[in-house]
Amino acid sequence: MHTNSETVSQIMADIARALNCPPEAIPAQVDETAAAQILNIKKSTLSNWRCTGRYHLPYIKTGRLVRYRTFDLAEWIARRRVGAEG
């Protein structure tokens with residue numbers, strides 16, 4: 001599925017607001033807590049999705065640490081958007 005770069009840019013602005021930071025200071029990666037905040041879900045839901053493979057949401061795992069790239073989160077949100085033309 002193709003995602004519109006303008007839509008991803010708009011979502012990145014939403015992510016900046018969710019993280020309470022200026023758009024130019026969005027971190028490249030966030031931890032599970034921040035990713036859950038961005039998606040407005042529980043941290044345990046992210047863990048469940050990773051374990052079950054329910055959604056293809058890319059993540060980075062180093063030992064016990066799990067990180068999500070903010071751009072991947074924005075693209076994932078854009079792909080799941082329903083009813084939008086683009």
# chains A, B, ... in the order shown; residues from 1 in each chain; ligands from 1
call {"tool": "select_by_dssp", "arguments": {"residues": "chain A", "states": "strand (DSSP E or B)", "output": "count of residues only"}}
result
11
call {"tool": "residues_around", "arguments": {"residues": "segment 17-22 of chain A", "least_positions_apart": "4", "cutoff": "12 Å", "atoms": "only C-alpha atoms", "output": "PyMOL selection string"}}
result
chain A and resi 10-13+26-27+29-31+33-40+70
call {"tool": "atom_distance", "arguments": {"atom1": "atom CA of Ser9 of chain A", "atom2": "atom CA of Glu32 of chain A"}}
result
21.6 Å
call {"tool": "atom_distance", "arguments": {"atom1": "atom CA of Ser44 of chain A", "atom2": "atom CA of Arg80 of chain A"}}
result
20.1 Å
call {"tool": "residues_around", "arguments": {"residues": "segment 51-56 of chain A", "least_positions_apart": "5", "cutoff": "12 Å", "atoms": "only C-alpha atoms", "output": "VMD selection string"}}
result
chain A and resid 44 to 46 72 to 73 75 to 77 79 to 80
call {"tool": "decode", "arguments": {"residues": "segment 2-34 of chain A", "atoms": "N, CA and C atoms", "output": "PDB file, in the first residue's frame"}}
result
ATOM      1  N   HIS A   2       0.562   2.191  -0.795  1.00  0.00           N
ATOM      2  CA  HIS A   2       1.335   3.421  -0.946  1.00  0.00           C
ATOM      3  C   HIS A   2       0.889   4.454   0.081  1.00  0.00           C
ATOM      4  N   THR A   3       1.851   5.164   0.666  1.00  0.00           N
ATOM      5  CA  THR A   3       1.509   6.242   1.595  1.00  0.00           C
ATOM      6  C   THR A   3       1.958   7.564   0.995  1.00  0.00           C
ATOM      7  N   ASN A   4       1.131   8.554   1.141  1.00  0.00           N
ATOM      8  CA  ASN A   4       1.398   9.892   0.636  1.00  0.00           C
ATOM      9  C   ASN A   4       2.387  10.589   1.568  1.00  0.00           C
ATOM     10  N   SER A   5       3.463  11.162   1.004  1.00  0.00           N
ATOM     11  CA  SER A   5       4.472  11.814   1.848  1.00  0.00           C
ATOM     12  C   SER A   5       3.903  13.016   2.589  1.00  0.00           C
ATOM     13  N   GLU A   6       2.918  13.692   1.997  1.00  0.00           N
ATOM     14  CA  GLU A   6       2.276  14.821   2.682  1.00  0.00           C
ATOM     15  C   GLU A   6       1.517  14.325   3.906  1.00  0.00           C
ATOM     16  N   THR A   7       0.843  13.195   3.764  1.00  0.00           N
ATOM     17  CA  THR A   7       0.115  12.613   4.891  1.00  0.00           C
ATOM     18  C   THR A   7       1.089  12.228   6.000  1.00  0.00           C
ATOM     19  N   VAL A   8       2.206  11.606   5.642  1.00  0.00           N
ATOM     20  CA  VAL A   8       3.211  11.226   6.638  1.00  0.00           C
ATOM     21  C   VAL A   8       3.748  12.476   7.329  1.00  0.00           C
ATOM     22  N   SER A   9       3.968  13.544   6.592  1.00  0.00           N
ATOM     23  CA  SER A   9       4.440  14.798   7.190  1.00  0.00           C
ATOM     24  C   SER A   9       3.427  15.346   8.191  1.00  0.00           C
ATOM     25  N   GLN A  10       2.151  15.269   7.846  1.00  0.00           N
ATOM     26  CA  GLN A  10       1.103  15.725   8.761  1.00  0.00           C
ATOM     27  C   GLN A  10       1.085  14.864  10.015  1.00  0.00           C
ATOM     28  N   ILE A  11       1.259  13.563   9.837  1.00  0.00           N
ATOM     29  CA  ILE A  11       1.270  12.657  10.984  1.00  0.00           C
ATOM     30  C   ILE A  11       2.495  12.913  11.851  1.00  0.00           C
ATOM     31  N   MET A  12       3.630  13.232  11.229  1.00  0.00           N
ATOM     32  CA  MET A  12       4.830  13.561  12.011  1.00  0.00           C
ATOM     33  C   MET A  12       4.573  14.801  12.872  1.00  0.00           C
ATOM     34  N   ALA A  13       3.818  15.759  12.362  1.00  0.00           N
ATOM     35  CA  ALA A  13       3.450  16.940  13.157  1.00  0.00           C
ATOM     36  C   ALA A  13       2.569  16.525  14.334  1.00  0.00           C
ATOM     37  N   ASP A  14       1.669  15.581  14.103  1.00  0.00           N
ATOM     38  CA  ASP A  14       0.837  15.053  15.196  1.00  0.00           C
ATOM     39  C   ASP A  14       1.702  14.345  16.238  1.00  0.00           C
ATOM     40  N   ILE A  15       2.709  13.618  15.766  1.00  0.00           N
ATOM     41  CA  ILE A  15       3.619  12.926  16.679  1.00  0.00           C
ATOM     42  C   ILE A  15       4.378  13.945  17.527  1.00  0.00           C
ATOM     43  N   ALA A  16       4.809  15.029  16.924  1.00  0.00           N
ATOM     44  CA  ALA A  16       5.509  16.084  17.684  1.00  0.00           C
ATOM     45  C   ALA A  16       4.606  16.612  18.787  1.00  0.00           C
ATOM     46  N   ARG A  17       3.333  16.824  18.466  1.00  0.00           N
ATOM     47  CA  ARG A  17       2.390  17.306  19.486  1.00  0.00           C
ATOM     48  C   ARG A  17       2.207  16.257  20.589  1.00  0.00           C
ATOM     49  N   ALA A  18       2.104  14.988  20.208  1.00  0.00           N
ATOM     50  CA  ALA A  18       1.923  13.921  21.199  1.00  0.00           C
ATOM     51  C   ALA A  18       3.126  13.822  22.130  1.00  0.00           C
ATOM     52  N   LEU A  19       4.314  14.086  21.596  1.00  0.00           N
ATOM     53  CA  LEU A  19       5.530  14.027  22.398  1.00  0.00           C
ATOM     54  C   LEU A  19       5.858  15.360  23.063  1.00  0.00           C
ATOM     55  N   ASN A  20       5.035  16.373  22.774  1.00  0.00           N
ATOM     56  CA  ASN A  20       5.231  17.703  23.343  1.00  0.00           C
ATOM     57  C   ASN A  20       6.620  18.260  22.997  1.00  0.00           C
ATOM     58  N   CYS A  21       6.954  18.169  21.706  1.00  0.00           N
ATOM     59  CA  CYS A  21       8.229  18.717  21.253  1.00  0.00           C
ATOM     60  C   CYS A  21       8.021  19.436  19.924  1.00  0.00           C
ATOM     61  N   PRO A  22       8.912  20.355  19.584  1.00  0.00           N
ATOM     62  CA  PRO A  22       8.777  21.033  18.296  1.00  0.00           C
ATOM     63  C   PRO A  22       9.011  20.036  17.154  1.00  0.00           C
ATOM     64  N   PRO A  23       8.351  20.241  16.007  1.00  0.00           N
ATOM     65  CA  PRO A  23       8.495  19.304  14.875  1.00  0.00           C
ATOM     66  C   PRO A  23       9.944  19.057  14.459  1.00  0.00           C
ATOM     67  N   GLU A  24      10.786  20.066  14.591  1.00  0.00           N
ATOM     68  CA  GLU A  24      12.181  19.882  14.187  1.00  0.00           C
ATOM     69  C   GLU A  24      13.002  19.106  15.225  1.00  0.00           C
ATOM     70  N   ALA A  25      12.405  18.820  16.378  1.00  0.00           N
ATOM     71  CA  ALA A  25      13.130  18.113  17.442  1.00  0.00           C
ATOM     72  C   ALA A  25      12.560  16.726  17.717  1.00  0.00           C
ATOM     73  N   ILE A  26      11.780  16.181  16.790  1.00  0.00           N
ATOM     74  CA  ILE A  26      11.230  14.840  16.975  1.00  0.00           C
ATOM     75  C   ILE A  26      12.398  13.852  17.020  1.00  0.00           C
ATOM     76  N   PRO A  27      12.446  13.009  18.050  1.00  0.00           N
ATOM     77  CA  PRO A  27      13.533  12.039  18.098  1.00  0.00           C
ATOM     78  C   PRO A  27      13.400  11.011  16.976  1.00  0.00           C
ATOM     79  N   ALA A  28      14.523  10.489  16.518  1.00  0.00           N
ATOM     80  CA  ALA A  28      14.508   9.482  15.448  1.00  0.00           C
ATOM     81  C   ALA A  28      13.885   8.180  15.937  1.00  0.00           C
ATOM     82  N   GLN A  29      14.107   7.868  17.209  1.00  0.00           N
ATOM     83  CA  GLN A  29      13.563   6.650  17.804  1.00  0.00           C
ATOM     84  C   GLN A  29      12.937   6.987  19.153  1.00  0.00           C
ATOM     85  N   VAL A  30      11.926   6.198  19.506  1.00  0.00           N
ATOM     86  CA  VAL A  30      11.288   6.365  20.812  1.00  0.00           C
ATOM     87  C   VAL A  30      11.157   5.004  21.479  1.00  0.00           C
ATOM     88  N   ASP A  31      11.027   5.009  22.797  1.00  0.00           N
ATOM     89  CA  ASP A  31      10.838   3.759  23.521  1.00  0.00           C
ATOM     90  C   ASP A  31       9.371   3.324  23.464  1.00  0.00           C
ATOM     91  N   GLU A  32       9.086   2.184  24.082  1.00  0.00           N
ATOM     92  CA  GLU A  32       7.721   1.647  24.053  1.00  0.00           C
ATOM     93  C   GLU A  32       6.695   2.602  24.657  1.00  0.00           C
ATOM     94  N   THR A  33       7.072   3.264  25.732  1.00  0.00           N
ATOM     95  CA  THR A  33       6.151   4.176  26.401  1.00  0.00           C
ATOM     96  C   THR A  33       5.747   5.318  25.476  1.00  0.00           C
ATOM     97  N   ALA A  34       6.724   5.921  24.810  1.00  0.00           N
ATOM     98  CA  ALA A  34       6.432   7.030  23.901  1.00  0.00           C
ATOM     99  C   ALA A  34       5.668   6.533  22.669  1.00  0.00           C
TER     100      ALA A  34
END
